[in-house]
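**Q** Handing you a structure now.
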Amino acid sequence: MENIEVARHLEELADLLEIQGANPFRIRAYRNAIRLVRGLTRRLSDMVSAQEELTDLPGIGADLSGHILELLETGKISLLEEIVRDIPRELAVLTRIEGLGPKKVAKLWKELGIISLDALQEAAEVGRIADLEGFGAKSQEKILRAIPEFRSHQGRFLRSEAANYLRPVLDHLEGFPGIIRMEVAGSYRRGVETVGDVDLLVSAAGESAREVMEHFTRVPGVDRVEARGETKGRIVLRSGLPVDLRILPEATWGAALHHFTGSKEHNVQMRALARASGLRISEYGVFRDSSPQGSSESEDHDGDGGPDGASARDDFVGRDGVGVLEGGATEEEVFAAVGLPWIPPVLREGRGEIEAAREARLPNLVKLQDIRGDLHMHTMWSDGSGEILEMATACRDRGYEYLAITDHSRAVTVARGLTPERLREQAGEIATVREGLEGIHLLHGCEVDILKNGSLDLPDDVLEELDIVLVAVHSHFNLDRKAQTDRVTRALAHPMVDILVHPTGRLLNRREPFAIDLEAVLEAAAGHDVAVELNASPRRLDLNDRHLFRARELGLTVSIATDAHAPDRLDHMVGGILQAQRGWIEPGTVLNTRPFGELKSWLRRRDRS
DNA sequence: GCCGTTTTCGGCCCGACTGTTTTCAGTCG
């Protein structure tokens, strides 16, 4: 069983426990464990087979370990089976509706017997929800709006889509009087491949906050305003993208930026670290508890407007006591307060970045400037829209040293894949273009299909004539896990193969990765000295960050490539770099950071003519 | 349910906003 399935089971269990009204800290323990499982680079079942103790994992104790072992062994968790006898498992789905949490879902179920999305919609339409205690007309309207939204896109946007929708919002706010600074935070800043909403931060001069908020709600393309407070507002664009605005004091901008960049997991770890040294971190700064130890004064919580006369000049009267502001003007100050160097947002996922920072072993992340070429792209010869020359000059314009033209092979008929004859014809054009081309090296390659049985779509003598050979799965996505794994590993063993491209075949929000033992695939690639691709197309971003992290651990070579089907799509490299950084990838791991000479000698490890 | 250079028991990150209340619960990030 895959980790993702383990996580799903635990998630259902956590959801139902929450609806049942279980101890919130118990729920948090489950959520922590789920995040951990999703972030693991190794399969739990492999760890169990290797006799490793799951309780060694942070956040997994005796109980959770027991549930996981039972699940791996029997495919079931008896606690979950027990709970679903009392609570319908469909209720977990309802908590995903915006505005509905476990408490409200439990109420809807107990009072109105609602367990399905359809029933919820019907009840709202006939007005039965508004009469329920704790609900009202507005809650009912909100539910009616949220259901179709939930049904359509499940609330996730590609980061690149979000960037497009966001642009007019930023333009609208840019230069508005009173705005001192503006930045996008949240998962967007961390470079996550899909985002649920966008967190926009603004610092504004004293009195102008109200006007800034008002201006924000009049963004072009706004569908509705969901919240409009003094410091926090939320609009939903017609595209469905929710945008949150926070107005924050300039003096503690760094603390706010850090807080709203997250991730949640990272913030929790940072706060725990702060607490250990008597500090408290919030979006308003880093504070040292200034109340005398054991003093009853610290228990005085309701002194909202009345700071005690003895407090020092910089004292901050917070919601739960008095503290002295220690820093927060910049993110660097926040990290420095807990003895850490600044950590790049792409790493802030609570996956060991804090330990790495403490031990001065943060990765030297690969940057766009490190990239010397693009090794995967298409032209009009198959399903691209540009000429070979156009692609080459577009690459040269981007400052690259080299590129590879890699059209499809014949099995991909819908993409007008090339037969051996057409491929040889293309080699002729490549030679012609090369003659007139200066300032960039042009490689002739092919994205060769891996057939159902793991053999390649082109004969060896044709492969030998190419400068570079990419292999990919484009068919038979439904093979079982073993068959798919065997198919791909067999292809990797072929002596002419250089790069395995888009290794899991996923399309974000559209197609799940096909069933494959990626660990085995990565190991096979390492064994055969084949590189794996990070496909930078915003729809694919395949491999994902965790796979990349694993590839790095295994010492694999990674190619970051755009798979561009038009010259302007070569800019997708930017998103690929972000993804690579999220996988802790350093320049030395990346094939296409190498100078052309080194790339050539790497390609020549194959005995080509 | 997890965890331990404050603790094997008693903590567990912190704050804002809405809607439904009339002082606050629930939800969200």
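Letters A, B, ... go to the chains of the structure tokens in the order shown; residues in each chain start at 1; ligands are counted from 1 in the same order.
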With 7 Å as the limit and counting only C-alpha atoms (C1' of nucleotides), what residues in chain B lie close to chain A? Please list them as an NGL selection string.

**A** :B and (1-2 or 12-14 or 16-17 or 20 or 27)

**Q** Fewer than 3 positions away in the same chain doesn't count, so skip those; otherwise give me all residues within 7 Å of Leu237 (chain A), counting only C-alpha atoms (C1' of nucleotides), as a ChimeraX atom specification.

**A** /A:221-223,240-242

**Q** May I have the residues from that selection written out with C-alpha atoms, as an mmCIF file, in the first residue's frame?

**A**
```
data_model
loop_
_atom_site.group_PDB
_atom_site.id
_atom_site.type_symbol
_atom_site.label_atom_id
_atom_site.label_comp_id
_atom_site.auth_asym_id
_atom_site.auth_seq_id
_atom_site.Cartn_x
_atom_site.Cartn_y
_atom_site.Cartn_z
ATOM 1 C CA GLY A 221 -13.084 41.021 -11.614
ATOM 2 C CA VAL A 222 -14.308 40.604 -8.065
ATOM 3 C CA ASP A 223 -17.279 38.274 -7.709
ATOM 4 C CA GLY A 240 -13.204 31.448 -8.295
ATOM 5 C CA LEU A 241 -9.831 32.351 -6.819
ATOM 6 C CA PRO A 242 -10.148 33.647 -3.254
#
```

**Q** Determine which residues of region 408-484 of chain A DSSP labels as alpha helix (DSSP H) from the backbone of this structure, then write them out as a ChimeraX atom specification.

**A** /A:420-436,460-464,481-484

**Q** What does the distance from CA of Thr589 (chain A) to CA of Val558 (chain A) come to in Å, to one decimal?

**A**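 Computed distance, CA of Thr589 (chain A) to CA of Val558 (chain A), equals 6.0 Å.
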
**Q** Quick one: everything within 9 Å of region 428-434 of chain A, counting only C-alpha atoms (C1' of nucleotides), minus sequence neighbours fewer than 6 positions away in the same chain. Send it as a PDB file with C-alpha atoms, in the first residue's frame.

**A**
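And here's part25.pdb as it stands now:
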```pdb
ATOM      1  CA  ILE A 388      13.259  24.220 -35.210  1.00  0.00           C
ATOM      2  CA  LEU A 389      14.995  27.508 -35.923  1.00  0.00           C
ATOM      3  CA  ALA A 392      16.719  27.466 -31.202  1.00  0.00           C
ATOM      4  CA  ILE A 405      14.809  19.167 -30.152  1.00  0.00           C
ATOM      5  CA  ILE A 440      24.044  27.961 -29.397  1.00  0.00           C
ATOM      6  CA  HIS A 441      24.529  24.216 -29.746  1.00  0.00           C
ATOM      7  CA  LEU A 442      21.631  22.296 -31.240  1.00  0.00           C
ATOM      8  CA  LEU A 443      21.127  18.648 -30.293  1.00  0.00           C
ATOM      9  CA  HIS A 444      18.892  16.243 -32.166  1.00  0.00           C
TER      10      HIS A 444
END
```

**Q** Would you compute the distance between CA of Gly384 (chain A) and CA of Gln579 (chain A)? Give it in Å to one decimal.

**A**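 Separation of CA of Gly384 (chain A) and CA of Gln579 (chain A): 24.0 Å.
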
**Q** Please compute the CA of Gly373 (chain A)-CA of Arg552 (chain A) distance, one decimal, in Å.

**A**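 It comes out at 20.4 Å.
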
**Q** Which residues in region 361-576 of chain A does DSSP call strand (DSSP E or B)? List them as a ChimeraX atom specification.

**A** /A:373-374,377,402-409,418,441-450,456,468-472,499-500,507,511,531-535,542,558-561,564

**Q** Which one is closest to Ile585 (chain A): A:Asp449, A:Glu326, A:Asp370, A:Glu265? Count only C-alpha atoms.

**A**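 Result for the nearest residue to Ile585 (chain A): A:Asp370.
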